[in-house]
>>> print(open('my_file-v4.csv').read())   # CSV, C-alpha atoms
chain,number,residue,atom,x,y,z
A,1395,MET,CA,113.6,105.5,86.0
A,1396,LEU,CA,112.8,108.6,84.0
A,1397,SER,CA,111.7,111.7,86.0
A,1398,CYS,CA,108.4,113.3,85.3
A,1399,GLY,CA,106.0,115.7,87.1
A,1400,LEU,CA,106.9,118.9,88.9
A,1401,LEU,CA,110.7,119.0,88.8
A,1402,LEU,CA,111.9,119.2,85.3
A,1403,VAL,CA,114.3,121.0,83.0
A,1404,PRO,CA,114.1,124.8,83.0
A,1405,LEU,CA,111.9,126.6,80.5
A,1406,ALA,CA,113.8,129.2,78.7
A,1407,VAL,CA,111.8,131.6,76.5
A,1408,SER,CA,114.0,134.2,74.9
A,1409,THR,CA,113.9,136.3,71.8
A,1410,ALA,CA,116.4,138.7,70.1
A,1411,ALA,CA,116.2,142.3,71.2
A,1412,CYS,CA,114.5,144.8,68.9
A,1413,GLY,CA,116.4,148.0,68.2
A,1414,GLY,CA,120.0,148.7,68.7
A,1415,SER,CA,123.0,146.5,67.9
A,1416,ALA,CA,123.6,143.2,69.6
A,1417,SER,CA,126.9,144.5,71.1
A,1418,GLU,CA,125.1,147.5,72.6
A,1419,THR,CA,122.4,145.3,74.1
A,1420,LEU,CA,124.8,142.7,75.5
A,1421,SER,CA,127.0,145.4,77.1
A,1422,THR,CA,124.1,147.1,78.9
A,1423,ASN,CA,123.6,146.2,82.5
A,1424,PRO,CA,120.0,145.1,83.1
A,1425,TYR,CA,117.8,147.8,84.6
A,1426,ASP,CA,115.6,147.1,87.6
A,1427,ALA,CA,112.3,146.0,86.1
A,1428,SER,CA,110.5,145.7,89.5
A,1429,ASP,CA,108.0,148.5,88.6
A,1430,GLN,CA,107.1,146.8,85.3
A,1431,ILE,CA,106.3,143.2,86.6
A,1432,SER,CA,103.4,142.2,88.8
A,1433,ALA,CA,102.8,138.8,90.4
A,1434,ASN,CA,99.7,137.1,91.9
A,1435,THR,CA,101.6,136.6,95.2
A,1436,PRO,CA,100.6,138.2,98.5
A,1437,ALA,CA,101.8,141.8,98.4
A,1438,ASP,CA,102.7,142.1,102.1
A,1439,GLY,CA,105.8,139.9,101.8
A,1440,ARG,CA,104.8,137.9,104.8
A,1441,THR,CA,101.8,135.9,103.7
A,1442,LYS,CA,102.7,132.7,101.9
A,1443,ALA,CA,101.3,131.8,98.5
A,1444,ASP,CA,98.7,129.1,98.0
A,1445,PRO,CA,100.4,126.1,96.3
A,1446,ASP,CA,97.1,125.1,94.7
A,1447,LYS,CA,97.2,128.2,92.5
A,1448,PRO,CA,99.6,128.7,89.6
A,1449,LEU,CA,102.3,131.4,89.9
A,1450,GLU,CA,101.4,134.2,87.4
A,1451,LEU,CA,103.5,137.1,86.2
A,1452,ALA,CA,102.4,140.1,84.1
A,1453,VAL,CA,103.9,143.1,82.5
A,1454,LYS,CA,102.4,146.5,83.4
A,1455,GLY,CA,101.8,148.8,80.5
A,1456,ASP,CA,103.2,148.6,77.0
A,1457,GLU,CA,106.8,149.6,77.6
A,1458,ALA,CA,108.3,146.2,78.1
A,1459,ARG,CA,107.8,142.5,77.6
A,1460,ILE,CA,109.0,139.3,79.4
A,1461,THR,CA,111.7,137.4,77.5
A,1462,ASP,CA,112.7,134.7,80.0
A,1463,VAL,CA,111.6,133.3,83.4
A,1464,THR,CA,113.5,130.8,85.5
A,1465,ALA,CA,111.9,129.5,88.7
A,1466,THR,CA,113.9,127.3,91.0
A,1467,ASP,CA,113.5,125.9,94.5
A,1468,ALA,CA,116.1,126.0,97.3
A,1469,THR,CA,117.8,122.9,95.9
A,1470,GLY,CA,118.1,124.4,92.4
A,1471,ARG,CA,115.4,122.3,90.8
A,1472,TYR,CA,113.3,124.0,88.1
A,1473,ILE,CA,109.6,124.3,87.6
A,1474,ARG,CA,107.9,124.5,84.2
A,1475,GLY,CA,106.0,127.5,82.9
A,1476,GLU,CA,104.8,129.1,79.7
A,1477,LEU,CA,105.1,132.6,78.2
A,1478,SER,CA,102.4,134.2,76.2
A,1479,ALA,CA,103.1,134.9,72.5
A,1480,ASP,CA,103.2,138.7,73.1
A,1481,GLY,CA,105.5,138.3,76.1
A,1482,LYS,CA,103.0,140.0,78.5
A,1483,HIS,CA,102.1,137.0,80.7
A,1484,TRP,CA,103.9,134.0,82.2
A,1485,ARG,CA,102.4,131.2,84.4
A,1486,THR,CA,103.5,127.9,85.8
A,1487,THR,CA,102.1,124.9,84.0
A,1488,VAL,CA,102.5,122.4,86.9
A,1489,PRO,CA,101.4,122.6,90.6
A,1490,LEU,CA,103.7,124.4,93.0
A,1491,ALA,CA,105.2,122.4,95.8
A,1492,ALA,CA,103.9,123.0,99.3
A,1493,GLY,CA,106.2,124.4,102.0
A,1494,THR,CA,108.8,125.5,99.4
A,1495,HIS,CA,110.8,128.6,98.7
A,1496,TYR,CA,111.2,129.6,95.0
A,1497,THR,CA,113.5,132.1,93.5
A,1498,VAL,CA,112.1,133.5,90.3
A,1499,GLN,CA,114.4,135.4,87.8
A,1500,VAL,CA,112.4,137.5,85.3
A,1501,SER,CA,114.2,138.9,82.3
A,1502,THR,CA,112.5,141.7,80.4
A,1503,GLU,CA,113.1,143.9,77.3
A,1504,GLY,CA,112.2,147.5,77.0
A,1505,GLU,CA,110.9,149.2,73.8
A,1506,ASP,CA,114.4,150.2,72.9
A,1507,GLY,CA,115.8,146.7,73.4
A,1508,THR,CA,117.5,147.3,76.7
A,1509,PRO,CA,117.3,144.3,79.1
A,1510,GLY,CA,115.7,144.4,82.5
A,1511,ARG,CA,115.7,142.1,85.4
A,1512,LYS,CA,113.5,141.4,88.4
A,1513,THR,CA,114.0,138.8,91.1
A,1514,LEU,CA,111.1,137.5,93.2
A,1515,VAL,CA,111.2,135.2,96.2
A,1516,VAL,CA,108.0,133.2,96.6
A,1517,SER,CA,107.2,131.0,99.6
A,1518,THR,CA,104.3,128.6,99.5
A,1519,LYS,CA,102.1,127.5,102.4
A,1520,ASP,CA,102.8,124.2,104.1
A,1521,ALA,CA,100.4,121.4,103.5
A,1522,ASP,CA,97.9,120.3,106.1
A,1523,ASP,CA,97.9,116.7,104.7
A,1524,ARG,CA,101.2,115.0,104.0
A,1525,LEU,CA,102.1,111.6,102.6
A,1526,THR,CA,105.4,110.4,103.9
A,1527,VAL,CA,107.5,107.4,102.6
A,1528,LYS,CA,109.7,104.9,104.4
A,1529,PHE,CA,112.1,103.0,102.3
A,1530,GLY,CA,113.4,99.5,103.1
A,1531,PRO,CA,115.6,97.8,103.8
A,1532,GLU,CA,118.0,99.9,105.8
A,1533,SER,CA,121.2,101.0,104.2
A,1534,GLY,CA,123.8,98.2,104.0
A,1535,GLU,CA,125.0,95.2,102.0
A,1536,TYR,CA,122.5,92.6,100.8
A,1537,GLY,CA,122.1,89.7,98.5
A,1538,VAL,CA,121.2,90.1,94.8
A,1539,GLY,CA,117.6,89.0,95.5
A,1540,GLN,CA,116.7,91.8,97.9
A,1541,PRO,CA,113.8,93.9,96.7
A,1542,VAL,CA,113.4,97.6,97.6
A,1543,THR,CA,110.3,98.5,99.5
A,1544,ALA,CA,108.4,101.8,100.0
A,1545,GLU,CA,105.8,102.1,102.8
A,1546,LEU,CA,103.4,105.0,102.5
A,1547,SER,CA,101.9,106.7,105.5
A,1548,LYS,CA,98.3,106.5,104.1
A,1549,PRO,CA,96.7,104.6,101.2
A,1550,VAL,CA,96.7,105.9,97.7
A,1551,THR,CA,94.2,104.3,95.3
A,1552,ASP,CA,93.5,106.8,92.5
A,1553,PRO,CA,95.5,105.8,89.4
A,1554,LYS,CA,96.6,109.3,88.7
A,1555,ALA,CA,97.7,109.9,92.3
A,1556,ARG,CA,99.6,106.6,92.2
A,1557,ALA,CA,101.4,107.7,89.0
A,1558,VAL,CA,102.5,111.0,90.8
A,1559,VAL,CA,103.8,109.0,93.8
A,1560,GLU,CA,105.6,106.4,91.8
A,1561,SER,CA,107.2,108.8,89.4
A,1562,ALA,CA,108.8,110.6,92.4
A,1563,LEU,CA,110.3,107.4,93.9
A,1564,LYS,CA,113.7,107.0,92.4
A,1565,VAL,CA,115.9,103.9,92.3
A,1566,ASP,CA,119.4,104.5,90.8
A,1567,SER,CA,121.8,101.7,90.3
A,1568,MET,CA,125.3,101.1,89.1
A,1569,PRO,CA,125.5,99.2,86.8
A,1570,ARG,CA,122.2,100.2,85.2
A,1571,VAL,CA,119.4,97.6,85.2
A,1572,GLU,CA,115.9,97.3,84.0
A,1573,GLY,CA,113.5,97.4,86.9
A,1574,ALA,CA,110.1,98.7,88.0
A,1575,TRP,CA,107.9,99.5,91.0
A,1576,HIS,CA,104.9,97.2,91.7
A,1577,TRP,CA,102.0,98.3,93.9
A,1578,VAL,CA,101.4,95.5,96.4
A,1579,ASP,CA,98.5,97.4,97.9
A,1580,GLY,CA,97.5,101.1,98.5
A,1581,LYS,CA,100.3,101.7,101.0
A,1582,LYS,CA,103.1,99.4,99.9
A,1583,LEU,CA,105.3,99.3,96.7
A,1584,HIS,CA,108.1,96.9,95.9
A,1585,PHE,CA,110.9,97.6,93.4
A,1586,ARG,CA,112.9,94.8,91.7
A,1587,PRO,CA,114.9,94.4,88.5
A,1588,LYS,CA,113.7,92.2,85.7
A,1589,GLU,CA,116.5,89.8,86.8
A,1590,TYR,CA,118.4,89.7,90.1
A,1591,TRP,CA,120.5,92.6,90.9
A,1592,PRO,CA,124.1,92.4,89.6
A,1593,ALA,CA,126.8,91.3,92.0
A,1594,HIS,CA,128.6,94.2,93.6
A,1595,ALA,CA,126.1,96.8,92.5
A,1596,THR,CA,125.4,100.1,94.2
A,1597,ILE,CA,121.7,101.1,94.6
A,1598,ALA,CA,120.6,104.5,95.7
A,1599,VAL,CA,116.9,105.0,96.7
A,1600,HIS,CA,115.4,108.5,97.3
A,1601,SER,CA,112.2,110.4,96.9
A,1602,ASN,CA,111.3,113.7,95.1
A,1603,LEU,CA,107.9,113.6,96.6
A,1604,ASP,CA,108.4,116.3,99.3
A,1605,GLY,CA,106.0,119.2,98.7
A,1606,LEU,CA,104.6,117.6,95.5
A,1607,LYS,CA,100.9,117.8,95.0
A,1608,ILE,CA,99.5,114.3,94.9
A,1609,SER,CA,95.7,114.9,94.7
A,1610,GLY,CA,93.2,117.3,96.3
A,1611,GLY,CA,94.8,118.7,99.4
A,1612,LEU,CA,97.3,115.8,99.7
A,1613,TYR,CA,101.0,116.7,99.3
A,1614,GLY,CA,104.2,114.6,99.5
A,1615,GLY,CA,106.3,114.6,102.6
A,1616,PRO,CA,109.9,113.8,103.4
A,1617,ALA,CA,111.6,110.4,103.0
A,1618,LYS,CA,115.0,109.2,104.3
A,1619,PRO,CA,117.1,107.9,101.4
A,1620,VAL,CA,118.8,104.5,101.6
A,1621,ARG,CA,121.9,103.2,99.9
A,1622,LEU,CA,122.4,99.5,99.3
A,1623,THR,CA,125.2,97.4,97.9
A,1624,THR,CA,125.1,93.8,96.8
A,1625,GLY,CA,127.8,91.2,97.5
A,1626,ASP,CA,128.5,88.1,95.4
A,1627,ARG,CA,125.6,86.4,93.7
A,1628,VAL,CA,124.8,83.6,96.2
A,1629,GLU,CA,122.1,81.1,95.3
A,1630,ALA,CA,121.0,78.0,97.2
A,1631,VAL,CA,119.0,75.6,95.0
A,1632,THR,CA,117.3,72.7,96.9
A,1633,ASP,CA,116.0,69.8,94.9
A,1634,ALA,CA,113.4,68.3,97.2
A,1635,GLY,CA,113.1,65.2,94.9
A,1636,ALA,CA,116.9,64.5,95.0
A,1637,HIS,CA,117.2,65.6,98.7
A,1638,GLN,CA,120.1,67.8,98.1
A,1639,MET,CA,121.0,71.5,98.1
A,1640,THR,CA,123.5,73.0,95.7
A,1641,VAL,CA,125.0,76.4,96.7
A,1642,LEU,CA,126.4,78.6,94.0
A,1643,ARG,CA,128.6,81.7,94.2
A,1644,ASN,CA,128.6,83.8,91.0
A,1645,GLY,CA,127.3,80.9,89.1
A,1646,LYS,CA,129.8,78.3,90.3
A,1647,SER,CA,128.9,75.5,92.7
A,1648,ILE,CA,130.7,75.8,96.0
A,1649,ASN,CA,129.0,73.1,98.0
A,1650,THR,CA,126.4,70.2,97.7
A,1651,ILE,CA,124.6,69.4,100.9
A,1652,PRO,CA,122.4,66.4,101.8
A,1653,VAL,CA,119.0,67.7,103.1
A,1654,THR,CA,115.6,66.7,104.1
A,1655,THR,CA,112.5,68.9,103.2
A,1656,GLY,CA,108.8,68.7,104.1
A,1657,LYS,CA,107.1,65.4,104.2
A,1658,PRO,CA,103.6,64.8,102.7
A,1659,GLY,CA,101.1,67.1,104.3
A,1660,PHE,CA,103.9,69.6,105.2
A,1661,SER,CA,105.6,69.9,101.8
A,1662,THR,CA,108.2,72.7,101.5
A,1663,ARG,CA,107.1,75.6,99.2
A,1664,ASN,CA,108.5,75.6,95.7
A,1665,GLY,CA,109.9,78.7,94.1
A,1666,VAL,CA,112.3,81.5,94.9
A,1667,LYS,CA,112.6,82.9,98.4
A,1668,VAL,CA,114.9,85.5,99.8
A,1669,VAL,CA,116.8,85.2,103.1
A,1670,LEU,CA,115.0,87.4,105.6
A,1671,GLY,CA,117.3,87.0,108.6
A,1672,LYS,CA,119.5,84.6,110.6
A,1673,GLU,CA,119.1,83.3,114.1
A,1674,SER,CA,121.8,81.2,115.7
A,1675,PHE,CA,119.2,79.7,118.1
A,1676,VAL,CA,115.4,79.3,117.8
A,1677,ARG,CA,113.0,77.4,120.0
A,1678,MET,CA,110.6,75.6,117.7
A,1679,ARG,CA,107.3,74.5,119.0
A,1680,SER,CA,104.6,72.8,116.9
A,1681,ALA,CA,101.8,74.5,118.7
A,1682,THR,CA,102.8,77.8,117.1
A,1683,VAL,CA,101.9,76.4,113.6
A,1684,GLY,CA,98.7,74.8,114.7
A,1685,ILE,CA,99.9,71.2,115.5
A,1686,ALA,CA,98.2,70.0,118.7
A,1687,ALA,CA,100.4,69.1,121.6
A,1688,GLY,CA,100.5,65.3,122.2
A,1689,SER,CA,99.8,64.5,118.5
A,1690,SER,CA,102.2,62.3,116.5
A,1691,ASP,CA,103.5,65.5,114.7
A,1692,ALA,CA,104.0,67.5,117.9
A,1693,TYR,CA,107.5,68.9,118.6
A,1694,ASP,CA,109.4,71.2,120.9
A,1695,LEU,CA,113.0,71.5,119.9
A,1696,PRO,CA,116.1,73.7,120.3
A,1697,VAL,CA,117.2,74.6,116.8
A,1698,TYR,CA,120.6,76.0,115.8
A,1699,TRP,CA,121.9,77.9,112.8
A,1700,ALA,CA,118.5,78.9,111.6
A,1701,THR,CA,118.3,80.9,108.3
A,1702,ARG,CA,114.7,82.3,107.9
A,1703,VAL,CA,113.1,82.4,104.4
A,1704,THR,CA,109.4,83.0,105.3
A,1705,TRP,CA,107.6,85.0,108.0
A,1706,SER,CA,105.5,82.0,108.7
A,1707,GLY,CA,108.5,80.1,110.0
A,1708,GLU,CA,110.2,78.3,107.1
A,1709,TYR,CA,114.0,78.0,107.8
A,1710,VAL,CA,117.1,76.3,106.6
A,1711,HIS,CA,118.5,74.9,109.9
A,1712,ALA,CA,120.5,72.3,111.7
A,1713,ALA,CA,118.5,69.0,112.2
A,1714,PRO,CA,120.8,66.5,113.8
A,1715,TRP,CA,117.8,64.3,114.7
A,1716,SER,CA,117.2,63.6,110.9
A,1717,VAL,CA,120.7,63.0,109.7
A,1718,GLY,CA,119.8,59.5,108.7
A,1719,SER,CA,117.1,60.8,106.3
A,1720,GLN,CA,119.1,63.7,104.9
A,1721,GLY,CA,119.9,63.0,101.3
A,1722,ALA,CA,117.4,60.1,101.2
A,1723,ALA,CA,113.9,61.2,102.4
A,1724,ASN,CA,111.7,64.1,103.2
A,1725,VAL,CA,110.7,64.0,106.9
A,1726,SER,CA,110.5,67.6,108.1
A,1727,HIS,CA,107.4,69.8,108.8
A,1728,GLY,CA,108.3,72.2,106.0
A,1729,CYS,CA,111.8,73.4,106.8
A,1730,THR,CA,115.0,72.4,105.0
A,1731,GLY,CA,117.1,70.4,107.5
A,1732,MET,CA,120.8,69.4,107.3
A,1733,SER,CA,123.6,68.4,109.6
A,1734,THR,CA,124.8,70.9,112.3
A,1735,GLY,CA,128.1,71.4,110.5
A,1736,ASN,CA,126.4,72.1,107.1
A,1737,ALA,CA,123.8,74.4,108.7
A,1738,GLN,CA,126.6,76.4,110.4
A,1739,TRP,CA,128.5,76.7,107.1
A,1740,PHE,CA,125.3,77.8,105.3
A,1741,PHE,CA,124.5,80.3,108.0
A,1742,ASN,CA,127.9,81.8,107.7
A,1743,THR,CA,127.9,81.8,103.9
A,1744,VAL,CA,124.6,83.5,103.1
A,1745,ARG,CA,123.4,87.1,103.9
A,1746,VAL,CA,120.0,88.7,104.0
A,1747,GLY,CA,118.8,89.1,100.4
A,1748,ASP,CA,120.5,86.0,99.1
A,1749,ILE,CA,118.4,83.5,97.0
A,1750,VAL,CA,117.0,80.2,98.3
A,1751,LYS,CA,115.1,78.3,95.6
A,1752,VAL,CA,113.2,75.0,96.0
A,1753,VAL,CA,112.3,72.8,93.1
A,1754,ASN,CA,110.6,69.4,92.8
A,1755,SER,CA,108.7,69.7,96.0
A,1756,GLY,CA,105.0,68.7,96.4
A,1757,GLY,CA,104.3,72.1,98.0
A,1758,ALA,CA,102.6,75.1,96.5
A,1759,THR,CA,104.7,77.9,95.0
A,1760,MET,CA,105.9,80.7,97.3
A,1761,THR,CA,103.5,83.6,97.1
A,1762,PRO,CA,104.9,87.0,96.1
A,1763,PHE,CA,104.2,89.3,99.0
A,1764,ASP,CA,102.4,87.9,102.0
A,1765,ASN,CA,105.0,85.7,103.6
A,1766,GLY,CA,108.4,87.2,102.9
A,1767,PHE,CA,109.9,88.1,99.5
A,1768,GLY,CA,108.5,85.9,96.9
A,1769,ASP,CA,108.7,88.7,94.4
A,1770,TRP,CA,110.8,86.7,91.9
A,1771,ASN,CA,108.0,84.2,91.4
A,1772,MET,CA,105.9,86.7,89.5
A,1773,PRO,CA,106.5,86.9,85.8
A,1774,TRP,CA,108.1,90.1,84.6
A,1775,LYS,CA,105.1,91.1,82.4
A,1776,GLU,CA,102.8,90.7,85.4
A,1777,TRP,CA,105.2,92.6,87.6
A,1778,ARG,CA,105.2,95.5,85.1
A,1779,ALA,CA,101.4,95.5,85.0
A,1780,GLY,CA,101.5,96.4,88.7
A,1781,SER,CA,103.1,99.8,87.9
A,1782,ALA,CA,101.1,102.9,87.7
A,1783,LEU,CA,103.4,104.2,85.0
A,1784,LYS,CA,102.1,102.2,82.1
A,1785,ASN,CA,103.9,104.1,79.3
A,1786,ASN,CA,107.1,105.0,81.1
A,1787,ALA,CA,110.5,103.4,80.7
A,1788,SER,CA,111.2,100.9,83.5
A,1789,THR,CA,115.0,101.4,83.8
A,1790,THR,CA,116.9,102.7,86.7
A,1791,THR,CA,119.4,105.4,86.0
A,1792,GLY,CA,123.1,104.7,86.0
A,1793,ALA,CA,123.9,106.9,89.0
A,1794,ALA,CA,125.1,105.5,91.7
A,1795,GLU,CA,116.6,98.5,109.3
A,1796,ARG,CA,115.4,95.8,107.3
A,1797,GLU,CA,111.7,96.3,108.1
A,1798,GLN,CA,109.6,93.5,109.5
A,1799,ASN,CA,106.0,93.6,108.2
A,1800,PRO,CA,103.9,94.7,111.2
A,1801,ALA,CA,100.9,92.8,109.8
A,1802,ALA,CA,102.9,89.6,109.9
A,1803,VAL,CA,104.1,89.8,113.5
A,1804,ALA,CA,101.4,87.4,114.6
A,1805,ARG,CA,102.7,84.9,111.9
A,1806,LEU,CA,106.3,84.9,112.9
A,1807,ARG,CA,106.2,81.3,114.1
A,1808,PRO,CA,109.0,78.7,113.7
A,1809,GLN,CA,108.0,75.9,111.4
A,1810,PHE,CA,110.1,72.8,112.1
>>> encode(input="my_file-v4.csv", output="structure tokens")
Amino acid sequence: MLSCGLLLVPLAVSTAACGGSASETLSTNPYDASDQISANTPADGRTKADPDKPLELAVKGDEARITDVTATDATGRYIRGELSADGKHWRTTVPLAAGTHYTVQVSTEGEDGTPGRKTLVVSTKDADDRLTVKFGPESGEYGVGQPVTAELSKPVTDPKARAVVESALKVDSMPRVEGAWHWVDGKKLHFRPKEYWPAHATIAVHSNLDGLKISGGLYGGPAKPVRLTTGDRVEAVTDAGAHQMTVLRNGKSINTIPVTTGKPGFSTRNGVKVVLGKESFVRMRSATVGIAAGSSDAYDLPVYWATRVTWSGEYVHAAPWSVGSQGAANVSHGCTGMSTGNAQWFFNTVRVGDIVKVVNSGGATMTPFDNGFGDWNMPWKEWRAGSALKNNASTTTGAAEREQNPAAVARLRPQF
């Protein structure tokens, strides 16, 4: 994604010296121009500058002019500014960052063409109101369907403020892909490529938001970067009408498994889901999904080799009690059931972030955000419309604790 906002390329404003030969000017050591340059920063050297105000420099008298200003923070990043046509004034053209130290190099030129130099160190006040970011998932290896998430510490609703935040959240991948952030709500963003991540990709996620002015008195805070890699492209495609699952690795079929999916009234969701986690044993009780005890659909079963694909309790798991229906009929309460041996093989083959797709079921399509990662079911045009950067390129650059949704804790119920 292209960078914009506060931290950009340096502004270099330079002109040729007047008077004297070029060799004479270049061979002259810059004189100390401290007495010629004034700044609108606190004069006592201890009070910090207000980041809400631009940094301004001016030349005293008529004996010199400014030829170049370079302002960088402690990490070497530049801040933009503009120089007046007469070389007498310079000011920043974007907000300063809060809680930041700047080194400002000012080059001047005297009436006789001799160069001068002044260095200022400017520290800005810390912000009272900070917006922090938490990226997900945790650093590690994932399947090619794993979205990147960003959780904000407080809601951001203003479109301009959202654009500032989004432009500072960086996703760099090798190889390069086309991708974009999508605002799920005021506090949550998801990033995904147009297509799945490439196999064996490296994805680095970081934020340039720290210290950046977002709106009013709100400034960005720190964020811990994450580094993800993808493994092979593993996809499990379940045809509920044919009662079988085909598992592919890098586009080639490696197994076909007889399955049973949700019966009428409990039909399995269609569409693309992403593996959320794996549990070798789960106790599944019908009461947790609203089925009354003692009814014909009630159950209380020990379940092994359970691979979760929704927060509400849809799994791919061992179902030895329905082996006779696997490959022939749909008899489950929404999960995809298979033999114990096949379920163990599937459990050991997939990883978090791998793709599980269901077709030809009577169920509704998996929703994008409220029950796991259904991000891939949203058309790309609609996904891009959820970005605050309407006119910006949506590609990643070529550089190279999985979080449980707290609001969904109450919904983490096994669904047999």
>>> residues_near_point(input="my_file-v4.csv", point="(113.7, 60.0, 105.4)", cutoff="12 Å", atoms="only C-alpha atoms", output="ChimeraX atom specification")
/A:1634-1637,1652-1658,1715-1726,1731-1732
>>> residues_around(input="my_file-v4.csv", residues="stretch 1573-1587 of chain A", least_positions_apart="6", cutoff="6 Å", atoms="all atoms listed in the file", output="VMD selection string")
chain A and resid 1541 to 1546 1549 to 1551 1780 to 1781 1788 to 1789
>>> atom_distance(input="my_file-v4.csv", atom1="atom CA of A:Val1746", atom2="atom CA of A:Pro1616")
27.1 Å
>>> closest_residue(input="my_file-v4.csv", among="A:Thr1734, A:Lys1618, A:Arg1677, A:Lys1667", to="A:Phe1763", atoms="only C-alpha atoms")
A:Lys1667
>>> atom_distance(input="my_file-v4.csv", atom1="atom CA of A:Lys1554", atom2="atom CA of A:Trp1770")
26.9 Å
>>> residues_around(input="my_file-v4.csv", residues="A:Val1710", least_positions_apart="2", cutoff="7 Å", atoms="all atoms listed in the file", output="list in words")
Ala1700, Thr1701, Arg1702, Cys1729, Thr1730 and Gly1731 of chain A
>>> atom_distance(input="my_file-v4.csv", atom1="atom CA of A:Ala1521", atom2="atom CA of A:Leu1603")
12.8 Å
>>> residues_around(input="my_file-v4.csv", residues="A:Asp1523", least_positions_apart="3", cutoff="12 Å", atoms="only C-alpha atoms", output="list in words")
Ala1492, Gly1493, Lys1519, Asp1520, Thr1526, Ser1547, Lys1548, Asp1604, Gly1605, Leu1606, Lys1607, Ile1608, Ser1609, Gly1610, Gly1611, Leu1612, Tyr1613, Gly1614 and Gly1615 of chain A
>>> closest_residue(input="my_file-v4.csv", among="A:Leu1695, A:Gly1707, A:Val1453, A:Lys1784", to="A:Met1678", atoms="all atoms listed in the file")
A:Leu1695
>>> closest_residue(input="my_file-v4.csv", among="A:Asn1649, A:Gln1499, A:Thr1623, A:Asn1742", to="A:Gly1539", atoms="all atoms listed in the file")
A:Thr1623
>>> closest_residue(input="my_file-v4.csv", among="A:Ile1431, A:Ala1782, A:Val1571, A:Ala1443", to="A:Ser1517", atoms="all atoms listed in the file")
A:Ala1443
>>> closest_residue(input="my_file-v4.csv", among="A:Thr1464, A:Thr1632, A:Ser1601, A:Thr1640", to="A:Leu1525", atoms="only C-alpha atoms")
A:Ser1601
>>> residues_near_point(input="my_file-v4.csv", point="(114.4, 128.1, 95.5)", cutoff="6 Å", atoms="only C-alpha atoms", output="PDB file with C-alpha atoms, keeping the file's coordinate frame")
ATOM      1  CA  THR A1466     113.900 127.300  91.000  1.00  0.00           C
ATOM      2  CA  ASP A1467     113.500 125.900  94.500  1.00  0.00           C
ATOM      3  CA  ALA A1468     116.100 126.000  97.300  1.00  0.00           C
ATOM      4  CA  HIS A1495     110.800 128.600  98.700  1.00  0.00           C
ATOM      5  CA  TYR A1496     111.200 129.600  95.000  1.00  0.00           C
ATOM      6  CA  THR A1497     113.500 132.100  93.500  1.00  0.00           C
TER       7      THR A1497
END
>>> closest_atom_pairs(input="my_file-v4.csv", of="stretch 1485-1570 of chain A", to="stretch 1749-1759 of chain A", cutoff="10 Å", atoms="all atoms listed in the file", output="Markdown table")
| residue | atom | partner | partner_atom | distance |
| --- | --- | --- | --- | --- |
| A:Gly1537 | CA | A:Ile1749 | CA | 7.4 |
| A:Val1538 | CA | A:Ile1749 | CA | 7.5 |
| A:Gly1539 | CA | A:Ile1749 | CA | 5.8 |
| A:Gln1540 | CA | A:Ile1749 | CA | 8.5 |
>>> closest_residue(input="my_file-v4.csv", among="A:Phe1660, A:Thr1508, A:Thr1650, A:Glu1589", to="A:Trp1774", atoms="all atoms listed in the file")
A:Glu1589
